[in-house]
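Note: the block below is structure_15.pdb and it holds PDB, C-alpha atoms.
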ATOM      1  CA  MET E 960     -16.409 -33.049 -55.293
ATOM      2  CA  LYS E 961     -15.085 -31.020 -58.170
ATOM      3  CA  LYS E 962     -11.558 -29.681 -57.890
ATOM      4  CA  SER E 963     -12.710 -26.028 -58.112
ATOM      5  CA  THR E 964     -15.262 -26.608 -55.368
ATOM      6  CA  ALA E 965     -12.573 -28.150 -53.140
ATOM      7  CA  TYR E 966     -10.351 -25.110 -53.610
ATOM      8  CA  LEU E 967     -13.301 -22.830 -52.708
ATOM      9  CA  CYS E 968     -14.007 -24.758 -49.499
ATOM     10  CA  ALA E 969     -10.354 -24.686 -48.517
ATOM     11  CA  ALA E 970     -10.231 -20.936 -49.092
ATOM     12  CA  LEU E 971     -13.238 -20.411 -46.855
ATOM     13  CA  LEU E 972     -11.809 -22.600 -44.081
ATOM     14  CA  PHE E 973      -8.251 -21.314 -44.322
ATOM     15  CA  PRO E 974      -8.356 -17.786 -45.692
ATOM     16  CA  ILE E 975      -5.098 -16.378 -46.979
ATOM     17  CA  PRO E 976      -4.087 -13.439 -44.733
ATOM     18  CA  VAL E 977      -3.893 -10.032 -46.281
ATOM     19  CA  LEU E 978      -0.756  -8.265 -45.111
ATOM     20  CA  ALA E 979      -1.323  -4.716 -43.969
ATOM     21  CA  ALA E 980       1.046  -2.056 -45.122
ATOM     22  CA  SER E 981       3.966  -1.661 -42.732
ATOM     23  CA  SER E 982       3.988   1.363 -40.422
ATOM     24  CA  SER E 983       7.166   2.574 -42.051
ATOM     25  CA  ALA E 984       5.587   2.392 -45.495
ATOM     26  CA  SER E 985       2.431   4.193 -44.394
ATOM     27  CA  SER E 986       4.352   6.924 -42.595
ATOM     28  CA  GLY E 987       7.031   7.361 -45.157
ATOM     29  CA  LYS E 988       9.706   6.829 -42.475
ATOM     30  CA  ALA E 989      12.249   4.079 -42.067
ATOM     31  CA  ASP E 990      11.891   1.718 -39.126
ATOM     32  CA  TRP E 991      14.909   3.250 -37.359
ATOM     33  CA  GLN E 992      13.271   6.671 -37.616
ATOM     34  CA  LEU E 993      10.063   5.357 -36.051
ATOM     35  CA  ALA E 994      12.074   3.661 -33.291
ATOM     36  CA  GLU E 995      13.768   6.965 -32.480
ATOM     37  CA  GLU E 996      10.388   8.536 -31.729
ATOM     38  CA  THR E 997      10.109   6.512 -28.493
ATOM     39  CA  GLU E 998      13.702   7.020 -27.348
ATOM     40  CA  VAL E 999      14.081   9.305 -24.331
ATOM     41  CA  TRP E1000      17.589  10.696 -23.816
ATOM     42  CA  SER E1001      17.103  13.009 -20.867
ATOM     43  CA  PRO E1002      17.326  13.317 -17.991
ATOM     44  CA  VAL E1003      20.389  11.097 -17.758
ATOM     45  CA  PRO E1004      20.409   9.005 -14.526
ATOM     46  CA  PRO E1005      23.286   9.919 -12.193
ATOM     47  CA  ILE E1006      26.133   7.436 -11.985
ATOM     48  CA  VAL E1007      26.216   5.449  -8.743
ATOM     49  CA  THR E1008      29.192   3.171  -8.281
ATOM     50  CA  THR E1009      28.843  -0.048  -6.307
ATOM     51  CA  SER E1010      31.120  -2.764  -5.031
ATOM     52  CA  GLU E1011      30.556  -5.879  -2.970
ATOM     53  CA  ASN E1012      30.087  -5.331   0.776
ATOM     54  CA  LYS E1013      30.310  -1.548   0.437
ATOM     55  CA  ALA E1014      27.654   1.151   0.456
ATOM     56  CA  PRO E1015      26.719   2.719  -2.901
ATOM     57  CA  SER E1016      28.707   5.832  -3.714
ATOM     58  CA  ASP E1017      25.735   8.155  -3.097
ATOM     59  CA  ALA E1018      24.733   6.570   0.229
ATOM     60  CA  ILE E1019      25.089   8.135   3.664
ATOM     61  CA  VAL E1020      26.986   5.687   5.846
ATOM     62  CA  LEU E1021      25.264   5.723   9.226
ATOM     63  CA  PHE E1022      27.522   3.166  10.866
ATOM     64  CA  ASP E1023      30.894   2.190   9.450
ATOM     65  CA  GLY E1024      31.991  -0.009  12.333
ATOM     66  CA  LYS E1025      34.068   2.690  13.987
ATOM     67  CA  SER E1026      31.980   5.347  15.697
ATOM     68  CA  LEU E1027      28.550   6.677  16.600
ATOM     69  CA  ASP E1028      29.202  10.081  15.046
ATOM     70  CA  GLN E1029      25.945   9.890  13.072
ATOM     71  CA  TRP E1030      23.864   8.980  16.121
ATOM     72  CA  GLN E1031      22.520  10.462  19.337
ATOM     73  CA  ALA E1032      20.346   9.309  22.206
ATOM     74  CA  ALA E1033      16.594   9.505  21.713
ATOM     75  CA  ASP E1034      16.479  12.525  24.018
ATOM     76  CA  GLY E1035      19.207  14.253  22.029
ATOM     77  CA  GLY E1036      22.140  13.433  24.306
ATOM     78  CA  GLU E1037      25.111  11.187  23.619
ATOM     79  CA  ALA E1038      24.379   7.743  22.189
ATOM     80  CA  LYS E1039      25.451   5.178  24.791
ATOM     81  CA  TRP E1040      25.410   1.934  22.835
ATOM     82  CA  ASN E1041      28.606  -0.088  22.537
ATOM     83  CA  VAL E1042      30.935  -0.234  19.541
ATOM     84  CA  PHE E1043      33.566  -2.953  19.255
ATOM     85  CA  ASN E1044      35.006  -5.176  16.521
ATOM     86  CA  GLY E1045      33.100  -3.230  13.872
ATOM     87  CA  THR E1046      29.754  -3.903  15.517
ATOM     88  CA  LEU E1047      27.148  -1.666  17.163
ATOM     89  CA  VAL E1048      25.515  -3.426  20.114
ATOM     90  CA  VAL E1049      22.485  -2.344  22.112
ATOM     91  CA  ALA E1050      23.451  -1.396  25.662
ATOM     92  CA  PRO E1051      20.319  -2.507  27.529
ATOM     93  CA  LYS E1052      18.511   0.134  29.572
ATOM     94  CA  THR E1053      20.426   3.035  28.009
ATOM     95  CA  GLY E1054      17.526   3.868  25.698
ATOM     96  CA  ASP E1055      16.917   4.101  21.974
ATOM     97  CA  ILE E1056      19.289   5.885  19.622
ATOM     98  CA  LYS E1057      18.440   7.951  16.549
ATOM     99  CA  THR E1058      20.265   9.557  13.658
ATOM    100  CA  LYS E1059      21.280  13.178  13.910
ATOM    101  CA  GLU E1060      19.978  13.725  10.380
ATOM    102  CA  SER E1061      16.325  13.541   9.340
ATOM    103  CA  PHE E1062      15.035  11.629   6.310
ATOM    104  CA  CYS E1063      11.935  11.337   4.133
ATOM    105  CA  ASP E1064      11.829   8.798   1.268
ATOM    106  CA  VAL E1065      14.768   6.404   1.567
ATOM    107  CA  GLN E1066      16.442   3.159   0.656
ATOM    108  CA  LEU E1067      17.885   1.652   3.827
ATOM    109  CA  HIS E1068      20.309  -1.221   4.351
ATOM    110  CA  VAL E1069      20.802  -2.682   7.838
ATOM    111  CA  GLU E1070      22.606  -5.831   8.948
ATOM    112  CA  TRP E1071      21.669  -7.253  12.342
ATOM    113  CA  MET E1072      22.277 -10.276  14.512
ATOM    114  CA  THR E1073      20.607 -11.659  17.631
ATOM    115  CA  PRO E1074      22.639 -13.231  20.467
ATOM    116  CA  THR E1075      23.156 -16.973  20.714
ATOM    117  CA  LYS E1076      22.123 -16.843  24.352
ATOM    118  CA  ILE E1077      18.390 -17.451  24.446
ATOM    119  CA  THR E1078      17.911 -17.804  28.191
ATOM    120  CA  ASP E1079      17.640 -15.177  30.894
ATOM    121  CA  ALA E1080      19.920 -14.753  33.929
ATOM    122  CA  ASN E1081      18.040 -17.546  35.694
ATOM    123  CA  GLY E1082      18.351 -19.963  32.809
ATOM    124  CA  LYS E1083      14.730 -19.579  31.762
ATOM    125  CA  PRO E1084      14.237 -19.758  27.967
ATOM    126  CA  LEU E1085      13.559 -16.459  26.236
ATOM    127  CA  GLU E1086      10.389 -16.904  24.191
ATOM    128  CA  SER E1087       8.099 -14.934  21.920
ATOM    129  CA  GLN E1088       8.743 -11.172  22.138
ATOM    130  CA  ALA E1089      11.390 -11.662  24.854
ATOM    131  CA  ARG E1090      13.656 -13.551  22.406
ATOM    132  CA  ASN E1091      16.215 -10.813  21.700
ATOM    133  CA  ASN E1092      14.002  -8.009  20.472
ATOM    134  CA  SER E1093      14.800  -4.664  18.845
ATOM    135  CA  GLY E1094      13.313  -2.558  16.073
ATOM    136  CA  ILE E1095      14.012  -0.138  13.244
ATOM    137  CA  PHE E1096      11.738   2.890  13.368
ATOM    138  CA  LEU E1097      11.428   4.795  10.108
ATOM    139  CA  GLN E1098      10.936   8.484  10.892
ATOM    140  CA  GLU E1099      10.891   7.398  14.565
ATOM    141  CA  LYS E1100       7.291   6.208  14.071
ATOM    142  CA  TYR E1101       6.955   3.191  11.773
ATOM    143  CA  GLU E1102       8.601   0.012  13.053
ATOM    144  CA  VAL E1103      10.131  -2.827  11.091
ATOM    145  CA  GLN E1104      10.456  -5.504  13.754
ATOM    146  CA  VAL E1105      13.818  -7.014  14.680
ATOM    147  CA  LEU E1106      13.446 -10.277  16.603
ATOM    148  CA  ASP E1107      14.912 -13.752  16.857
ATOM    149  CA  SER E1108      12.167 -15.501  14.904
ATOM    150  CA  TYR E1109      14.176 -18.656  14.279
ATOM    151  CA  GLN E1110      12.092 -21.488  15.736
ATOM    152  CA  ASN E1111      10.434 -18.975  18.051
ATOM    153  CA  LYS E1112       6.649 -18.795  18.093
ATOM    154  CA  THR E1113       5.046 -15.379  18.567
ATOM    155  CA  TYR E1114       2.142 -13.413  17.115
ATOM    156  CA  SER E1115       2.598 -13.210  13.352
ATOM    157  CA  ASN E1116       2.338  -9.437  13.064
ATOM    158  CA  GLY E1117       5.123  -9.121  15.641
ATOM    159  CA  GLN E1118       7.758 -11.485  14.254
ATOM    160  CA  ALA E1119      10.892 -10.471  12.371
ATOM    161  CA  GLY E1120      10.061  -8.793   9.066
ATOM    162  CA  SER E1121       6.681  -7.568  10.243
ATOM    163  CA  ILE E1122       5.536  -3.985  10.222
ATOM    164  CA  TYR E1123       4.902  -4.242  13.932
ATOM    165  CA  LYS E1124       1.240  -4.877  14.790
ATOM    166  CA  GLN E1125       0.244  -3.933  11.217
ATOM    167  CA  SER E1126       1.478  -6.375   8.582
ATOM    168  CA  ILE E1127       2.443 -10.060   8.754
ATOM    169  CA  PRO E1128       5.562 -10.836   6.672
ATOM    170  CA  LEU E1129       5.042 -12.852   3.503
ATOM    171  CA  ALA E1130       7.622 -15.392   4.725
ATOM    172  CA  ASN E1131       9.803 -16.179   7.718
ATOM    173  CA  ALA E1132      13.319 -15.796   6.305
ATOM    174  CA  SER E1133      15.023 -15.760   9.704
ATOM    175  CA  ARG E1134      18.473 -17.196  10.258
ATOM    176  CA  ALA E1135      19.676 -18.824  13.465
ATOM    177  CA  PRO E1136      20.911 -16.750  16.404
ATOM    178  CA  GLY E1137      24.521 -15.643  15.995
ATOM    179  CA  VAL E1138      24.239 -15.387  12.202
ATOM    180  CA  TRP E1139      24.144 -12.000  10.469
ATOM    181  CA  GLN E1140      20.909 -11.051   8.715
ATOM    182  CA  THR E1141      20.024  -8.219   6.346
ATOM    183  CA  TYR E1142      17.131  -5.865   5.837
ATOM    184  CA  ASP E1143      16.832  -3.882   2.633
ATOM    185  CA  ILE E1144      14.010  -1.397   3.009
ATOM    186  CA  ILE E1145      12.339   0.986   0.570
ATOM    187  CA  PHE E1146      10.314   3.604   2.399
ATOM    188  CA  ASN E1147       7.962   6.155   0.866
ATOM    189  CA  ALA E1148       7.158   8.608   3.624
ATOM    190  CA  PRO E1149       3.580   9.776   4.217
ATOM    191  CA  LYS E1150       2.722  13.207   2.882
ATOM    192  CA  PHE E1151       0.669  15.809   4.725
ATOM    193  CA  GLU E1152      -0.898  19.151   3.931
ATOM    194  CA  GLN E1153      -1.000  20.953   7.252
ATOM    195  CA  GLU E1154      -2.701  18.363   9.508
ATOM    196  CA  LYS E1155      -4.326  16.361   6.693
ATOM    197  CA  LEU E1156      -2.902  13.088   5.407
ATOM    198  CA  VAL E1157      -2.599  13.353   1.626
ATOM    199  CA  THR E1158      -0.660  10.153   0.857
ATOM    200  CA  PRO E1159      -0.026   7.304   3.318
ATOM    201  CA  GLY E1160       3.414   5.821   3.818
ATOM    202  CA  TYR E1161       4.484   2.666   2.004
ATOM    203  CA  VAL E1162       7.227   0.209   2.835
ATOM    204  CA  THR E1163       8.895  -2.678   1.034
ATOM    205  CA  VAL E1164      11.191  -5.010   2.974
ATOM    206  CA  LEU E1165      13.568  -7.746   1.847
ATOM    207  CA  HIS E1166      14.766  -9.982   4.663
ATOM    208  CA  ASN E1167      17.912 -11.877   3.720
ATOM    209  CA  GLY E1168      17.023 -11.272   0.076
ATOM    210  CA  VAL E1169      13.444 -12.550   0.473
ATOM    211  CA  LEU E1170      10.546 -10.160  -0.145
ATOM    212  CA  VAL E1171       8.556 -10.049   3.099
ATOM    213  CA  GLN E1172       6.699  -6.722   2.732
ATOM    214  CA  ASN E1173       5.528  -5.729  -0.737
ATOM    215  CA  HIS E1174       4.739  -2.000  -0.896
ATOM    216  CA  PHE E1175       2.625  -2.252   2.234
ATOM    217  CA  GLU E1176       0.433   0.755   3.003
ATOM    218  CA  ILE E1177       1.325   1.873   6.528
ATOM    219  CA  GLN E1178      -1.745   2.454   8.681
ATOM    220  CA  GLY E1179      -0.141   4.996  11.005
ATOM    221  CA  ALA E1180       2.469   5.249  13.733
ATOM    222  CA  THR E1181       3.369   1.974  15.420
ATOM    223  CA  ALA E1182       1.262   1.290  18.510
ATOM    224  CA  TRP E1183       1.766  -1.474  21.062
ATOM    225  CA  ILE E1184      -1.786  -1.017  22.363
ATOM    226  CA  GLY E1185      -4.671   0.048  20.155
ATOM    227  CA  LYS E1186      -4.935   0.976  16.510
ATOM    228  CA  PRO E1187      -2.263   2.895  14.592
ATOM    229  CA  SER E1188      -3.061   6.426  13.471
ATOM    230  CA  TYR E1189      -1.336   9.273  11.665
ATOM    231  CA  ALA E1190      -0.267  12.626  13.056
ATOM    232  CA  ALA E1191       1.217  15.149  10.659
ATOM    233  CA  HIS E1192       5.015  15.399  10.610
ATOM    234  CA  GLY E1193       7.910  16.160   8.309
ATOM    235  CA  CYS E1194      11.197  14.390   7.660
ATOM    236  CA  ALA E1195      12.491  12.695  10.802
ATOM    237  CA  PRO E1196      15.403  10.560  12.075
ATOM    238  CA  LEU E1197      15.888   6.827  11.820
ATOM    239  CA  ARG E1198      15.615   5.225  15.254
ATOM    240  CA  LEU E1199      16.943   1.941  16.651
ATOM    241  CA  GLN E1200      15.217   0.400  19.649
ATOM    242  CA  ASP E1201      16.639  -0.632  23.002
ATOM    243  CA  HIS E1202      14.229  -3.407  24.020
ATOM    244  CA  GLY E1203      16.552  -4.669  26.741
ATOM    245  CA  ASN E1204      18.468  -7.186  24.631
ATOM    246  CA  PRO E1205      22.059  -6.918  23.255
ATOM    247  CA  VAL E1206      21.141  -7.124  19.569
ATOM    248  CA  SER E1207      23.989  -6.235  17.183
ATOM    249  CA  PHE E1208      24.033  -4.036  14.074
ATOM    250  CA  ARG E1209      26.577  -3.294  11.365
ATOM    251  CA  ASN E1210      26.935  -1.866   7.846
ATOM    252  CA  ILE E1211      24.072   0.617   8.091
ATOM    253  CA  TRP E1212      23.643   2.938   5.129
ATOM    254  CA  ILE E1213      20.844   4.990   3.646
ATOM    255  CA  ARG E1214      20.072   6.658   0.305
ATOM    256  CA  LYS E1215      17.718   9.572  -0.060
ATOM    257  CA  LEU E1216      15.168   8.978  -2.815
TER     258      LEU E1216
END

Just give me the structure as structure tokens.
Amino acid sequence: MKKSTAYLCAALLFPIPVLAASSSASSGKADWQLAEETEVWSPVPPIVTTSENKAPSDAIVLFDGKSLDQWQAADGGEAKWNVFNGTLVVAPKTGDIKTKESFCDVQLHVEWMTPTKITDANGKPLESQARNNSGIFLQEKYEVQVLDSYQNKTYSNGQAGSIYKQSIPLANASRAPGVWQTYDIIFNAPKFEQEKLVTPGYVTVLHNGVLVQNHFEIQGATAWIGKPSYAAHGCAPLRLQDHGNPVSFRNIWIRKL
């Protein structure tokens, strides 16, 4: 093969790229000027200060370990749960408690712990839903289940980290009884126009730092029997459930979104 022919074949197989004119050259602007065109300087996010084991500076502290000032009974009377050693403990058979303030879209942090005693008064093992049960009801309607799900078999859409009877958690991140656990919850409240549902609610849950609910679309108010359904409502309190077990809570704070 002649040398010129070889060069021609090589050029066809491996064409030399033609460099396009740079955007700065074609626009007549320097690169830094073009970069400025996609910089957004306002609005400026508000400053929120944080420190370890403390609520963010813009959070509403719902339980600081000292009092139930932010809470009331479900019927509007005095909250009758117990507070000692910085811990809020369910007082069985006194009923649910709820916040005095109502909320819509929120970021919620709750720490909770189930008792080490996993037998009843007769020594019979507590199993399934009887194993130290409680719940966190967003807007008093949409339950994130609280349950001792450490080596405790129950229906999957009713274990800890579930949206009760609606969504199975992506993982079982439960710790042993007597060990503190955390829920970090992002809740987008449903939106209504008069009686019509316009946008369903969505919830994201991290259980002990593990994502267990990923922007789940809530199907309606929590129902023990039957299918969930929506009924129009506005902002509403956060509610903690008395299921008859002395489950403990601490370090509860919430941020309005």

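Atom pair atom CA of E:Gly1054 / atom CA of E:Gly1036 has a distance of 10.7 Å (rounded to one decimal).
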
Starting from the displayed file, determine the output of the PyMOL selection byres ((chain E and resi 1095) around 9) and express the residue list as a ChimeraX atom specification. /E:1093-1094,1096-1097,1099,1101-1105,1197-1200

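Our summary of the geometry notes that atom CA of E:Ile1127 is positioned 26.0 Å from atom CA of E:Cys1194.
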
Can you translate the PyMOL selection byres ((chain E and resi 1058-1074) around 8) into the concrete residues it hits in this file, as a ChimeraX atom specification? /E:1021,1029-1031,1056-1057,1075-1077,1091,1098,1106-1107,1136-1148,1193-1198,1205-1216

Can you tell me how far atom CA of E:Gly1203 sits from atom CA of E:Ala1182, in Å to one decimal?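 Value for the atom CA of E:Gly1203-atom CA of E:Ala1182 distance: 18.4 Å.
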
Select all residues near (7.3, -4.5, 6.3) (cut-off 10 Å, inclusive, file coordinates), counting only C-alpha atoms, and output them as an MDAnalysis selection string. chainID E and resid 1101:1104 1116 1119:1123 1125:1129 1142 1144:1146 1161:1166 1170:1177

Please determine, counting only C-alpha atoms, which residue among E:Ala1050, E:Val1003, E:Pro1084, E:Val1169 has the shortest atom-to-atom distance to E:Ala1132. E:Val1169

What are the centre and edge lengths in Å, to one decimal, of the axis-aligned box around all listed atoms of stretch 1090-1104 of chain E with 6 Å added on each side, as JSON?
{"center_x": 11.6, "center_y": -2.5, "center_z": 16.3, "size_x": 21.3, "size_y": 34.0, "size_z": 24.3}

E:Ser1087 surroundings by only C-alpha atoms, 7 Å radius, close-in-sequence under 4 positions cut, as a list in words: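 Contacts, in chain order: Asn1111, Lys1112 and Thr1113 of chain E.
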